[in-house]
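What's in upload08.cif: mmCIF, C-alpha atoms
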```
data_structure
#
loop_
_atom_site.label_atom_id
_atom_site.label_comp_id
_atom_site.auth_asym_id
_atom_site.auth_seq_id
_atom_site.Cartn_x
_atom_site.Cartn_y
_atom_site.Cartn_z
CA MET U 1 -14.74 -143.63 -37.27
CA ASP U 2 -12.13 -141.68 -39.19
CA ASP U 3 -13.35 -138.09 -39.36
CA ARG U 4 -10.24 -136.64 -40.98
CA PRO U 5 -10.97 -134.72 -44.18
CA LYS U 6 -10.55 -136.99 -47.16
CA CYS U 7 -8.00 -135.88 -49.72
CA LEU U 8 -7.53 -136.99 -53.30
CA ILE U 9 -4.46 -136.10 -55.34
CA ILE U 10 -4.78 -136.72 -59.05
CA ALA U 11 -1.31 -136.36 -60.51
CA CYS U 12 0.83 -136.77 -63.53
CA GLY U 13 2.70 -140.07 -63.24
CA ALA U 14 5.91 -138.08 -63.56
CA LEU U 15 5.25 -136.66 -60.08
CA ALA U 16 4.21 -139.86 -58.27
CA LYS U 17 7.54 -140.61 -56.62
CA GLU U 18 8.05 -136.98 -55.64
CA ILE U 19 4.58 -136.72 -54.08
CA VAL U 20 5.03 -139.91 -52.06
CA THR U 21 8.47 -138.68 -50.92
CA LEU U 22 6.99 -135.38 -49.80
CA GLN U 23 4.10 -137.10 -47.99
CA ARG U 24 6.62 -139.15 -46.02
CA GLN U 25 8.81 -136.12 -45.29
CA LEU U 26 5.70 -134.44 -43.92
CA GLY U 27 4.99 -137.39 -41.69
CA LEU U 28 1.62 -138.04 -43.28
CA PRO U 29 0.36 -141.58 -42.88
CA ASP U 30 0.03 -143.35 -46.22
CA ASP U 31 -3.75 -143.56 -45.89
CA ALA U 32 -4.19 -139.81 -45.28
CA VAL U 33 -4.15 -139.10 -48.98
CA THR U 34 -5.47 -141.08 -51.93
CA LEU U 35 -3.04 -140.66 -54.80
CA GLN U 36 -4.23 -141.51 -58.28
CA CYS U 37 -1.81 -141.02 -61.16
CA LEU U 38 -2.36 -140.62 -64.87
CA PRO U 39 0.15 -141.74 -67.47
CA ALA U 40 3.25 -139.57 -67.68
CA ASP U 41 3.08 -140.06 -71.45
CA PHE U 42 0.37 -137.39 -71.47
CA HIS U 43 3.37 -135.05 -71.34
CA ASN U 44 3.52 -135.54 -75.12
CA THR U 45 -0.26 -135.49 -75.66
CA PRO U 46 -1.60 -132.75 -73.37
CA ASN U 47 -5.02 -132.84 -75.02
CA LYS U 48 -5.63 -136.07 -73.08
CA ILE U 49 -5.04 -134.53 -69.65
CA ALA U 50 -8.27 -132.61 -69.04
CA PRO U 51 -10.64 -135.41 -70.17
CA ALA U 52 -8.74 -137.95 -68.04
CA VAL U 53 -8.84 -135.71 -64.96
CA GLU U 54 -12.52 -135.01 -65.52
CA SER U 55 -13.28 -138.69 -65.80
CA ILE U 56 -11.81 -139.26 -62.32
CA LEU U 57 -13.45 -136.18 -60.80
CA LYS U 58 -16.82 -137.14 -62.20
CA ASN U 59 -16.68 -140.46 -60.36
CA LYS U 60 -14.84 -139.50 -57.21
CA ARG U 61 -15.19 -135.79 -56.43
CA ARG U 62 -18.10 -136.28 -54.04
CA ASP U 63 -16.12 -138.81 -51.99
CA PHE U 64 -13.39 -136.33 -51.06
CA ASP U 65 -13.23 -133.06 -49.16
CA ILE U 66 -10.02 -131.82 -50.74
CA VAL U 67 -8.81 -132.43 -54.28
CA LEU U 68 -5.38 -131.37 -55.51
CA VAL U 69 -4.59 -131.92 -59.15
CA GLY U 70 -0.89 -132.53 -59.60
CA TYR U 71 -0.51 -130.83 -62.93
CA GLY U 72 0.53 -127.39 -64.07
CA GLU U 73 -1.37 -125.94 -66.98
CA CYS U 74 0.72 -128.38 -69.03
CA GLY U 75 -0.30 -127.15 -72.46
CA THR U 76 -3.98 -127.94 -72.09
CA GLY U 77 -4.92 -124.52 -73.44
CA GLY U 78 -7.26 -123.75 -70.54
CA ALA U 79 -9.12 -127.08 -70.75
CA LEU U 80 -7.74 -128.34 -67.43
CA ASP U 81 -8.66 -125.14 -65.58
CA ALA U 82 -12.20 -125.34 -66.96
CA VAL U 83 -12.55 -128.88 -65.56
CA LEU U 84 -11.13 -127.85 -62.19
CA LYS U 85 -13.55 -124.94 -61.93
CA LYS U 86 -16.45 -127.27 -62.70
CA TYR U 87 -15.45 -129.69 -59.92
CA ASN U 88 -14.09 -127.19 -57.40
CA ALA U 89 -10.58 -128.58 -57.43
CA THR U 90 -7.19 -126.86 -57.51
CA ARG U 91 -4.00 -127.60 -59.39
CA LEU U 92 -0.35 -126.81 -58.94
CA PRO U 93 0.71 -123.29 -59.84
CA HIS U 94 2.47 -122.30 -63.07
CA ALA U 95 2.45 -123.57 -66.62
CA HIS U 96 4.66 -126.63 -66.32
CA CYS U 97 6.46 -128.86 -63.83
CA TYR U 98 9.70 -127.12 -64.80
CA GLU U 99 8.37 -123.89 -63.41
CA PHE U 100 6.86 -125.25 -60.22
CA PHE U 101 10.06 -127.15 -59.44
CA SER U 102 12.34 -124.20 -60.16
CA GLY U 103 10.06 -121.39 -58.99
CA SER U 104 9.15 -118.50 -61.25
CA ALA U 105 12.23 -116.40 -60.53
CA LEU U 106 14.78 -119.07 -61.46
CA PHE U 107 12.67 -120.22 -64.41
CA GLU U 108 12.50 -116.71 -65.84
CA GLU U 109 16.20 -116.22 -65.25
CA ILE U 110 16.99 -119.39 -67.22
CA ILE U 111 14.70 -118.42 -70.10
CA GLU U 112 16.00 -114.85 -70.08
CA GLU U 113 19.55 -116.16 -70.36
CA GLU U 114 18.76 -118.71 -73.09
CA ILE U 115 15.33 -119.03 -74.65
CA GLY U 116 16.42 -122.25 -76.32
CA SER U 117 16.33 -124.24 -73.08
CA PHE U 118 14.98 -127.78 -73.10
CA PHE U 119 14.07 -128.82 -69.57
CA LEU U 120 14.50 -132.15 -67.84
CA THR U 121 13.47 -133.19 -64.33
CA ASP U 122 14.54 -136.29 -62.42
CA TYR U 123 11.65 -138.21 -63.94
CA LEU U 124 12.42 -137.08 -67.45
CA VAL U 125 16.08 -137.95 -67.04
CA LYS U 126 15.19 -141.43 -65.80
CA ASN U 127 12.67 -141.91 -68.59
CA PHE U 128 14.45 -139.97 -71.31
CA ASP U 129 14.54 -142.89 -73.73
CA ARG U 130 10.84 -143.64 -73.42
CA LEU U 131 9.41 -140.12 -73.24
CA VAL U 132 11.82 -138.15 -75.39
CA VAL U 133 13.60 -140.56 -77.72
CA THR U 134 10.71 -142.95 -78.36
CA GLY U 135 8.00 -140.35 -77.67
CA LEU U 136 9.33 -138.07 -80.37
CA GLY U 137 10.08 -140.95 -82.71
CA LEU U 138 13.85 -140.42 -82.63
CA ASP U 139 14.41 -144.16 -82.25
CA ARG U 140 12.62 -144.76 -85.55
CA TYR U 141 13.60 -141.53 -87.32
CA PRO U 142 16.89 -140.28 -85.82
CA HIS U 143 17.22 -137.71 -88.60
CA LEU U 144 14.26 -135.82 -87.08
CA ARG U 145 16.47 -134.66 -84.21
CA ASP U 146 17.22 -131.35 -85.87
CA ALA U 147 13.56 -130.78 -86.77
CA TYR U 148 12.77 -130.91 -83.05
CA PHE U 149 15.87 -129.46 -81.46
CA SER U 150 17.67 -127.16 -83.86
CA ASN U 151 16.26 -124.09 -82.08
CA TYR U 152 17.45 -125.31 -78.68
CA LYS U 153 20.88 -124.56 -77.25
CA ASN U 154 20.82 -126.08 -73.75
CA VAL U 155 19.38 -129.01 -71.88
CA VAL U 156 18.56 -127.60 -68.45
CA TYR U 157 18.37 -130.34 -65.85
CA LEU U 158 16.30 -129.15 -62.89
CA ALA U 159 17.23 -131.80 -60.35
CA GLN U 160 14.91 -132.78 -57.50
CA ILE U 161 17.61 -134.79 -55.73
CA GLU U 162 21.38 -134.56 -55.98
CA ASP U 163 22.40 -137.76 -57.69
CA PRO U 164 25.61 -138.10 -59.71
CA VAL U 165 24.17 -141.03 -61.67
CA LEU U 166 21.19 -138.95 -62.83
CA LYS U 167 23.48 -136.02 -63.57
CA GLN U 168 25.55 -138.26 -65.85
CA LYS U 169 22.39 -139.56 -67.52
CA ALA U 170 21.33 -135.95 -68.13
CA ALA U 171 24.73 -135.23 -69.65
CA ASP U 172 24.30 -138.25 -71.93
CA ALA U 173 20.82 -137.04 -72.91
CA ALA U 174 22.16 -133.57 -73.75
CA ASP U 175 24.91 -135.13 -75.79
CA ARG U 176 22.42 -137.24 -77.68
CA LEU U 177 20.42 -134.12 -78.57
CA GLY U 178 23.57 -132.24 -79.53
CA LEU U 179 23.01 -129.65 -76.78
CA LYS U 180 24.97 -128.31 -73.83
CA LEU U 181 23.98 -129.45 -70.33
CA VAL U 182 23.12 -126.84 -67.71
CA TYR U 183 22.63 -128.36 -64.26
CA LYS U 184 20.47 -126.65 -61.62
CA TYR U 185 19.53 -128.21 -58.32
CA ALA U 186 15.90 -127.15 -57.87
CA GLY U 187 14.53 -129.50 -55.20
CA TYR U 188 10.75 -129.86 -55.02
CA GLY U 189 9.92 -126.15 -55.18
CA ASP U 190 6.27 -125.25 -55.28
CA LEU U 191 5.26 -128.91 -55.38
CA ALA U 192 6.43 -129.11 -51.77
CA VAL U 193 4.44 -126.00 -50.88
CA ALA U 194 1.27 -127.47 -52.41
CA ILE U 195 1.67 -130.85 -50.71
CA GLU U 196 2.44 -129.17 -47.39
CA SER U 197 -0.64 -127.02 -47.70
CA THR U 198 -2.73 -130.08 -48.54
CA ALA U 199 -1.23 -131.94 -45.58
CA LYS U 200 -2.27 -129.15 -43.25
CA GLY U 201 -5.80 -129.41 -44.54
CA VAL U 202 -5.88 -133.17 -44.09
CA ALA U 203 -3.96 -133.56 -40.85
CA PRO U 204 -3.27 -130.31 -39.07
CA ASN U 205 -1.67 -132.17 -36.16
CA TYR U 206 1.04 -133.70 -38.29
CA GLY U 207 3.21 -130.70 -37.73
CA GLN U 208 6.66 -132.20 -37.89
CA PHE U 209 7.39 -130.98 -41.34
CA HIS U 210 10.81 -131.60 -42.75
CA VAL U 211 10.24 -130.74 -46.33
CA ARG U 212 13.36 -130.17 -48.32
CA ARG U 213 12.58 -127.55 -50.92
CA MET F 1 13.66 -156.88 -105.49
CA SER F 2 10.67 -158.55 -103.85
CA ASP F 3 7.76 -159.91 -105.91
CA ASP F 4 5.31 -157.42 -104.43
CA GLU F 5 7.43 -154.30 -105.00
CA ILE F 6 5.53 -151.74 -107.03
CA ILE F 7 7.15 -150.33 -110.15
CA LEU F 8 5.80 -146.79 -110.22
CA ASN F 9 6.45 -146.36 -113.92
CA ASP F 10 4.22 -149.37 -114.69
CA LEU F 11 1.17 -147.73 -113.09
CA ASN F 12 -1.35 -145.72 -115.08
CA ASP F 13 -1.76 -142.07 -114.12
CA GLY F 14 -4.69 -142.59 -111.78
CA ASP F 15 -3.08 -145.49 -109.93
CA LEU F 16 0.21 -143.63 -109.75
CA VAL F 17 -1.41 -140.62 -108.08
CA GLU F 18 -3.10 -142.94 -105.57
CA GLN F 19 0.21 -144.71 -104.95
CA MET F 20 1.97 -141.37 -104.45
CA LYS F 21 -0.60 -140.41 -101.82
CA ASP F 22 0.05 -143.74 -100.07
CA ASP F 23 3.80 -143.24 -100.31
CA LEU F 24 3.50 -139.72 -98.96
CA TYR F 25 1.38 -141.05 -96.08
CA ASP F 26 4.10 -143.62 -95.38
CA GLY F 27 6.83 -140.96 -95.45
CA MET F 28 8.61 -142.41 -98.49
CA ALA F 29 10.39 -139.34 -99.84
CA LYS F 30 12.35 -141.17 -102.55
CA GLU F 31 9.21 -142.76 -103.99
CA VAL F 32 7.26 -139.48 -103.92
CA HIS F 33 10.13 -137.78 -105.71
CA GLU F 34 10.18 -140.57 -108.31
CA GLY F 35 6.39 -140.46 -108.82
CA THR F 36 6.52 -136.69 -109.28
CA GLN F 37 9.23 -137.05 -111.92
CA ILE F 38 7.23 -139.73 -113.75
CA LEU F 39 4.12 -137.53 -113.90
CA LEU F 40 6.22 -134.60 -115.15
CA ASP F 41 7.73 -136.87 -117.81
CA ARG F 42 4.21 -137.87 -118.83
CA GLY F 43 3.40 -134.23 -119.45
CA TRP F 44 1.43 -133.48 -116.29
CA ASP F 45 1.14 -129.83 -115.26
CA ALA F 46 3.16 -129.10 -112.12
CA ASN F 47 0.16 -127.43 -110.47
CA GLN F 48 -1.94 -130.52 -111.02
CA ILE F 49 0.68 -132.85 -109.55
CA LEU F 50 0.95 -130.55 -106.57
CA SER F 51 -2.77 -130.40 -105.90
CA ASP F 52 -3.84 -133.94 -106.86
CA ALA F 53 -0.97 -135.94 -105.36
CA LEU F 54 1.00 -133.92 -102.81
CA VAL F 55 -1.47 -131.49 -101.26
CA GLU F 56 -4.26 -134.06 -101.34
CA GLY F 57 -1.92 -136.59 -99.72
CA MET F 58 -1.04 -134.14 -96.95
CA ARG F 59 -4.71 -133.31 -96.48
CA ILE F 60 -5.33 -136.96 -95.60
CA VAL F 61 -2.31 -136.89 -93.29
CA GLY F 62 -3.78 -133.82 -91.59
CA ILE F 63 -7.09 -135.56 -90.99
CA ASP F 64 -5.43 -138.64 -89.50
CA PHE F 65 -3.21 -136.46 -87.32
CA ARG F 66 -6.28 -134.63 -86.02
CA ASP F 67 -8.00 -137.96 -85.34
CA GLY F 68 -5.06 -139.36 -83.42
CA ILE F 69 -4.15 -142.00 -86.02
CA LEU F 70 -0.85 -140.35 -86.94
CA PHE F 71 1.50 -138.60 -84.55
CA VAL F 72 4.04 -135.82 -84.92
CA PRO F 73 7.02 -138.03 -85.93
CA GLU F 74 4.99 -139.66 -88.68
CA VAL F 75 3.63 -136.31 -89.88
CA LEU F 76 7.18 -134.99 -90.10
CA GLN F 77 8.10 -138.00 -92.21
CA CYS F 78 5.14 -137.22 -94.48
CA ALA F 79 6.31 -133.62 -94.72
CA ASP F 80 9.76 -134.83 -95.74
CA ALA F 81 8.13 -136.96 -98.42
CA MET F 82 6.15 -133.98 -99.69
CA LYS F 83 9.36 -131.97 -99.83
CA GLY F 84 10.72 -134.75 -102.04
CA GLY F 85 8.13 -133.87 -104.66
CA MET F 86 8.12 -130.13 -103.99
CA GLY F 87 11.83 -129.95 -104.72
CA LEU F 88 11.08 -130.93 -108.32
CA LEU F 89 7.96 -128.80 -108.70
CA ARG F 90 9.08 -125.56 -107.08
CA PRO F 91 11.42 -124.36 -109.85
CA ILE F 92 8.88 -125.27 -112.53
CA LEU F 93 6.08 -123.47 -110.72
CA ALA F 94 8.28 -120.42 -110.23
CA GLU F 95 8.91 -120.17 -113.97
CA SER F 96 5.41 -121.13 -115.07
CA GLU F 97 3.13 -118.52 -116.64
CA ASN F 98 0.25 -120.21 -114.81
CA SER F 99 1.86 -119.78 -111.44
CA ALA F 100 -0.09 -116.68 -110.45
CA SER F 101 0.31 -116.54 -106.67
CA THR F 102 -2.76 -117.25 -104.55
CA GLY F 103 -1.51 -114.46 -102.33
CA THR F 104 1.26 -113.47 -99.96
CA TYR F 105 1.27 -114.94 -96.47
CA VAL F 106 3.52 -113.72 -93.67
CA ILE F 107 3.94 -116.32 -90.94
CA GLY F 108 5.98 -116.48 -87.73
CA THR F 109 6.17 -117.97 -84.25
CA VAL F 110 5.48 -115.38 -81.56
CA LYS F 111 7.88 -113.80 -79.09
CA GLY F 112 9.11 -116.12 -76.34
CA ASP F 113 8.45 -119.25 -78.36
CA ILE F 114 11.02 -121.19 -80.36
CA HIS F 115 8.76 -123.98 -81.62
CA ASP F 116 8.37 -124.10 -85.36
CA ILE F 117 7.34 -127.59 -86.43
CA GLY F 118 3.66 -126.67 -86.79
CA LYS F 119 4.47 -123.36 -88.42
CA ASN F 120 6.73 -125.08 -90.94
CA LEU F 121 4.03 -127.60 -91.80
CA VAL F 122 1.53 -124.79 -92.33
CA GLY F 123 4.06 -122.93 -94.48
CA MET F 124 4.53 -125.99 -96.64
CA MET F 125 0.80 -126.49 -97.11
CA LEU F 126 0.37 -122.80 -97.93
CA GLU F 127 3.11 -123.06 -100.50
CA GLY F 128 1.30 -126.09 -101.91
CA ALA F 129 -1.84 -123.98 -102.11
CA GLY F 130 0.02 -121.40 -104.21
CA PHE F 131 0.84 -118.78 -101.59
CA GLU F 132 4.09 -116.91 -101.52
CA VAL F 133 5.14 -117.60 -97.95
CA ILE F 134 7.30 -115.14 -96.03
CA ASP F 135 8.57 -117.03 -93.00
CA LEU F 136 9.73 -114.84 -90.13
CA GLY F 137 11.01 -117.80 -88.11
CA ILE F 138 10.72 -118.00 -84.34
CA ASN F 139 10.54 -115.66 -81.32
CA ASN F 140 9.04 -112.68 -83.15
CA PRO F 141 8.16 -109.48 -81.30
CA VAL F 142 5.37 -107.32 -82.70
CA GLU F 143 7.94 -105.12 -84.47
CA ASN F 144 8.95 -108.01 -86.73
CA TYR F 145 5.37 -108.56 -87.85
CA LEU F 146 4.85 -104.84 -88.48
CA GLU F 147 8.05 -104.59 -90.48
CA ALA F 148 7.12 -107.63 -92.60
CA ILE F 149 3.61 -106.29 -93.22
CA ASP F 150 5.07 -102.99 -94.35
CA LYS F 151 7.64 -104.64 -96.58
CA HIS F 152 5.63 -107.49 -98.14
CA ARG F 153 2.04 -106.17 -98.05
CA PRO F 154 0.68 -109.66 -97.33
CA ASN F 155 -2.88 -110.84 -97.89
CA ILE F 156 -2.81 -112.73 -94.59
CA LEU F 157 -0.74 -112.71 -91.40
CA GLY F 158 -0.31 -116.01 -89.54
CA MET F 159 0.97 -116.49 -86.01
CA SER F 160 1.96 -119.70 -84.27
CA ALA F 161 2.60 -120.64 -80.62
CA LEU F 162 3.10 -123.94 -78.85
CA LEU F 163 3.18 -122.72 -75.27
CA THR F 164 0.29 -121.65 -73.08
CA THR F 165 2.58 -118.94 -71.80
CA THR F 166 3.33 -117.48 -75.23
CA MET F 167 -0.02 -117.73 -76.97
CA PRO F 168 -1.41 -114.57 -75.28
CA TYR F 169 1.24 -112.61 -77.21
CA MET F 170 -0.82 -113.20 -80.33
CA GLY F 171 -3.42 -110.94 -78.72
CA VAL F 172 -0.75 -108.28 -78.15
CA VAL F 173 0.12 -108.30 -81.86
CA ILE F 174 -3.53 -108.17 -82.92
CA GLU F 175 -4.18 -105.25 -80.57
CA GLU F 176 -1.26 -103.36 -82.08
CA LEU F 177 -2.53 -104.06 -85.60
CA ASP F 178 -5.93 -102.78 -84.55
CA LYS F 179 -4.46 -99.60 -83.04
CA ARG F 180 -2.66 -98.90 -86.29
CA GLY F 181 -5.76 -99.51 -88.41
CA ILE F 182 -4.16 -102.53 -90.10
CA LEU F 183 -6.49 -105.18 -88.70
CA LYS F 184 -9.54 -104.07 -90.65
CA GLU F 185 -7.72 -104.82 -93.89
CA LEU F 186 -5.45 -107.71 -92.96
CA PRO F 187 -6.90 -111.06 -91.90
CA VAL F 188 -4.98 -112.67 -89.04
CA MET F 189 -4.84 -116.43 -88.64
CA VAL F 190 -3.61 -118.13 -85.48
CA GLY F 191 -2.66 -121.71 -84.72
CA GLY F 192 -0.74 -123.98 -82.37
CA ALA F 193 -1.33 -127.01 -80.19
CA PRO F 194 -2.81 -125.31 -77.09
CA LEU F 195 -5.08 -122.95 -79.07
CA ASN F 196 -8.75 -123.37 -79.82
CA GLN F 197 -11.51 -121.43 -81.53
CA GLU F 198 -12.59 -119.85 -78.27
CA PHE F 199 -9.13 -118.38 -77.72
CA ALA F 200 -8.92 -117.16 -81.32
CA ASP F 201 -12.29 -115.41 -80.89
CA ALA F 202 -11.21 -113.89 -77.59
CA ILE F 203 -8.14 -112.23 -79.11
CA ASN F 204 -10.08 -111.10 -82.16
CA ALA F 205 -8.21 -113.27 -84.68
CA THR F 206 -9.87 -113.64 -88.05
CA SER F 207 -9.60 -117.40 -88.01
CA TYR F 208 -8.12 -120.35 -86.19
CA GLY F 209 -6.21 -123.02 -88.12
CA ARG F 210 -6.72 -126.30 -86.33
CA ASP F 211 -4.11 -128.10 -88.42
CA ALA F 212 -1.85 -127.46 -91.41
CA ALA F 213 -4.25 -128.67 -94.08
CA MET F 214 -7.19 -126.79 -92.57
CA SER F 215 -5.05 -123.65 -92.30
CA ALA F 216 -4.30 -123.75 -96.03
CA GLU F 217 -8.01 -124.20 -96.83
CA LEU F 218 -8.96 -121.31 -94.56
CA ALA F 219 -6.26 -119.13 -96.10
CA LYS F 220 -7.57 -119.80 -99.58
CA ALA F 221 -11.08 -118.95 -98.43
CA LEU F 222 -9.84 -115.70 -96.90
CA VAL F 223 -8.37 -114.54 -100.22
CA GLY F 224 -11.45 -115.76 -102.10
CA LYS F 225 -9.71 -118.60 -103.87
CA ASN F 226 -11.33 -121.63 -102.34
CA SER F 227 -12.10 -124.10 -105.06
#
```
Is it possible to express this structure as structure tokens?
Amino acid sequence: MDDRPKCLIIACGALAKEIVTLQRQLGLPDDAVTLQCLPADFHNTPNKIAPAVESILKNKRRDFDIVLVGYGECGTGGALDAVLKKYNATRLPHAHCYEFFSGSALFEEIIEEEIGSFFLTDYLVKNFDRLVVTGLGLDRYPHLRDAYFSNYKNVVYLAQIEDPVLKQKAADAADRLGLKLVYKYAGYGDLAVAIESTAKGVAPNYGQFHVRR
Amino acid sequence: MSDDEIILNDLNDGDLVEQMKDDLYDGMAKEVHEGTQILLDRGWDANQILSDALVEGMRIVGIDFRDGILFVPEVLQCADAMKGGMGLLRPILAESENSASTGTYVIGTVKGDIHDIGKNLVGMMLEGAGFEVIDLGINNPVENYLEAIDKHRPNILGMSALLTTTMPYMGVVIEELDKRGILKELPVMVGGAPLNQEFADAINATSYGRDAAMSAELAKALVGKNS
């Protein structure tokens, strides 16, 4: 009988690939963690996040010893934290994925330097057309670009992996928004810390950690 | 021209107003502009066009946005359409003897936040409700609000924030107003996507505007001009 603690990660779909990558870097067997993702499109409709997380926790919380919710506060206005308190679950630190990838110090430095910073991650670069262009209706109403972005100056690409193809896509995205690209390699940041900590709880003997932060 | 194209000038007043609300809902700025001009040509009062066609149209948009039927891009299209009509009405209203202002409303996005779409929608609805709107723009520290209050003597102060990280600054501003004895005389409204009534209560705001249309209604109520 498997007596390892059971772990559930409920995450934003935008983090799925990164979480699986980190699990593998940590040497965790695939069945050590149950990963359930919610649509990354909730990025544009944060009011849907807390009810969706609660729906999963309501059905599954009792089946797991550890629950990590792979979201930041993500604009839920405290609703997500209220759900997590109710079900004794924890989430990733910070307000948004931008901050837990970059870490607070770098994030504050970027904002201090230019408050008009529009952030992209690997996922957002890959899915820029769907989440930003279509999500904001710029495919249907291109003239709305200035209504959304006139207060921004830079697109800040916080890269999780160093990939020239993604960097070029980020440059194209910045160009499309009429903004300057600022590239920062961030790695996995505090997401790696959270997954590592979860891994220790699930499988303390899997100690061969090679997490690239 | 297709067979089913509607000739606005052929419609009677009642049908035209209904059509303008539909056109506004569909984001058709040119048609809303045309309908507004037709009603003006027919001798309609600018205030009545504003309230019956434009503001009422945006009120419906606000409800459908709240209920998840319309989304931000569509609402922005509607706002553009409303601007199409407002462009004609604004100069007339400014010159009209009947254009007694509902009140003065100072509005701005708080420090650390550069998002202004919601604030701009609220400003437009307030203008439609007859307020003189003083827009402070984005990223406002408390000093900007204090200066504007001193200069414009508003009936209401409104603050907007889109980020969870910036919304607490509204509380900082309200605390400062309280310290200076301003809060007991100046109602403060707050709004923005991550806010809710509970947060507004916690920071001692006078009221919470859930959406642009509701904010305009609340503002009118606060100055005692809710009809």
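Evaluated on this file, the PyMOL selection byres ((chain F and resi 195-203) around 9) matches Thr76, Gly77 and Gly78 of chain U; Ala161, Leu162, Thr164, Met167, Pro168, Met170, Gly171, Val172, Ile174, Glu175, Met189, Val190, Gly191, Gly192, Ala193, Pro194, Asn204, Ala205, Thr206, Ser207, Tyr208, Gly209 and Arg210 of chain F.
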Limited to C-alpha atoms, could you put the picked residues into a file as a compact mmCIF listing (two decimals), in the frame of the given file?
```txt
# COMPACT_ATOMS: atom_id res chain seq x y z
CA THR U 76 -3.98 -127.94 -72.09
CA GLY U 77 -4.92 -124.52 -73.44
CA GLY U 78 -7.26 -123.75 -70.54
CA ALA F 161 2.60 -120.64 -80.62
CA LEU F 162 3.10 -123.94 -78.85
CA THR F 164 0.29 -121.65 -73.08
CA MET F 167 -0.02 -117.73 -76.97
CA PRO F 168 -1.41 -114.57 -75.28
CA MET F 170 -0.82 -113.20 -80.33
CA GLY F 171 -3.42 -110.94 -78.72
CA VAL F 172 -0.75 -108.28 -78.15
CA ILE F 174 -3.53 -108.17 -82.92
CA GLU F 175 -4.18 -105.25 -80.57
CA MET F 189 -4.84 -116.43 -88.64
CA VAL F 190 -3.61 -118.13 -85.48
CA GLY F 191 -2.66 -121.71 -84.72
CA GLY F 192 -0.74 -123.98 -82.37
CA ALA F 193 -1.33 -127.01 -80.19
CA PRO F 194 -2.81 -125.31 -77.09
CA ASN F 204 -10.08 -111.10 -82.16
CA ALA F 205 -8.21 -113.27 -84.68
CA THR F 206 -9.87 -113.64 -88.05
CA SER F 207 -9.60 -117.40 -88.01
CA TYR F 208 -8.12 -120.35 -86.19
CA GLY F 209 -6.21 -123.02 -88.12
CA ARG F 210 -6.72 -126.30 -86.33
```
**OP:** Please report as a ChimeraX atom specification which residues of chain U come no farther than 8 Å from chain F, using all atoms listed in the file.
**Re:** /U:73-77,95,115-116,136-138,141,144,147-148,151-152
Subject >> From F:Lys111, F:Ala212, F:Glu31, F:Gly158, residue lying nearest Arg66 of chain F [only C-alpha atoms] >> reply: F:Ala212
Original post:
Which residue, F:Asp52, F:Glu95, F:Glu176, F:Glu127, has the smallest gap to Ile107 of chain F when you use only C-alpha atoms?
Top reply: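 Closest to Ile107 of chain F of all the choices is F:Glu127.
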Original post:
Leaving out Gly62 of chain F and any residue of its chain fewer than 6 positions from it, which residues lie within 9 Å of it when counting all atoms listed in the file, given as a count of residues only?
Top reply: 6
Original post:
Which protein, DNA or RNA residues are at most 10 Å from (4.5, -108.8, -98.6) in the file's coordinates when you count all atoms listed in the file, listed as number ranges by chain?
Top reply: F: 103-106, 132-134, 147-157
**OP:** Convert the output of the PyMOL selection byres ((chain U and resi 187) around 12) on the shown file into explicit residues, formatted as JSON, numbers by chain.
**Re:** {"U": [18, 21, 22, 97, 98, 99, 100, 101, 102, 103, 121, 122, 157, 158, 159, 160, 161, 162, 163, 184, 185, 186, 188, 189, 190, 191, 192, 193, 211, 212, 213]}
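When atom CA of Phe149 of chain U is paired with atom CA of Gly178 of chain U, their separation reads 8.4 Å.
Remark: for Tyr87 of chain U, the closest of the candidate residues U:Lys60, U:Gly70, U:Asp41, U:Glu108 is U:Lys60 (distances computed over all atoms listed in the file).
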**OP:** On this file, the PyMOL selection byres ((chain U and resi 173) around 12) gives some set of residues; write that set as a ChimeraX atom specification.
**Re:** /U:118-121,124-133,154-157,166-172,174-182
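Minimum atom-to-atom distance to Gly87 of chain F, evaluated using only C-alpha atoms, belongs to F:Gln37 out of F:Thr166, F:Asn9, F:Asn140, F:Gln37.
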Original post:
Using all atoms listed in the file, which residues sit within 8 Å of Met20 of chain F once same-chain residues fewer than 6 positions away are excluded, as a PyMOL selection string?
Top reply: chain F and resi 31-32+35+53-54+57
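With distances restricted to all atoms listed in the file, F:Gly108 is the closest residue to Asn144 of chain F from F:Pro187, F:Gly118, F:Gly128, F:Gly108.
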Subject >> Length of the atom CA of Ala199 of chain U to atom CA of Ile66 of chain U vector [Å] >> reply: 10.2 Å
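Interatomic distance, atom CA of Gly14 of chain F against atom CA of Leu39 of chain F: 10.4 Å.
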Would you list the residues near (-6.9, -132.6, -74.4) (no more than 9 Å away, in the coordinates of the file, using all atoms listed in the file) as a compact mmCIF listing (two decimals) with C-alpha atoms, keeping the file's coordinate frame?
```txt
# COMPACT_ATOMS: atom_id res chain seq x y z
CA THR U 45 -0.26 -135.49 -75.66
CA PRO U 46 -1.60 -132.75 -73.37
CA ASN U 47 -5.02 -132.84 -75.02
CA LYS U 48 -5.63 -136.07 -73.08
CA ILE U 49 -5.04 -134.53 -69.65
CA ALA U 50 -8.27 -132.61 -69.04
CA PRO U 51 -10.64 -135.41 -70.17
CA ALA U 52 -8.74 -137.95 -68.04
CA GLY U 75 -0.30 -127.15 -72.46
CA THR U 76 -3.98 -127.94 -72.09
CA GLY U 77 -4.92 -124.52 -73.44
CA ALA U 79 -9.12 -127.08 -70.75
CA LEU U 80 -7.74 -128.34 -67.43
CA PRO F 194 -2.81 -125.31 -77.09
```
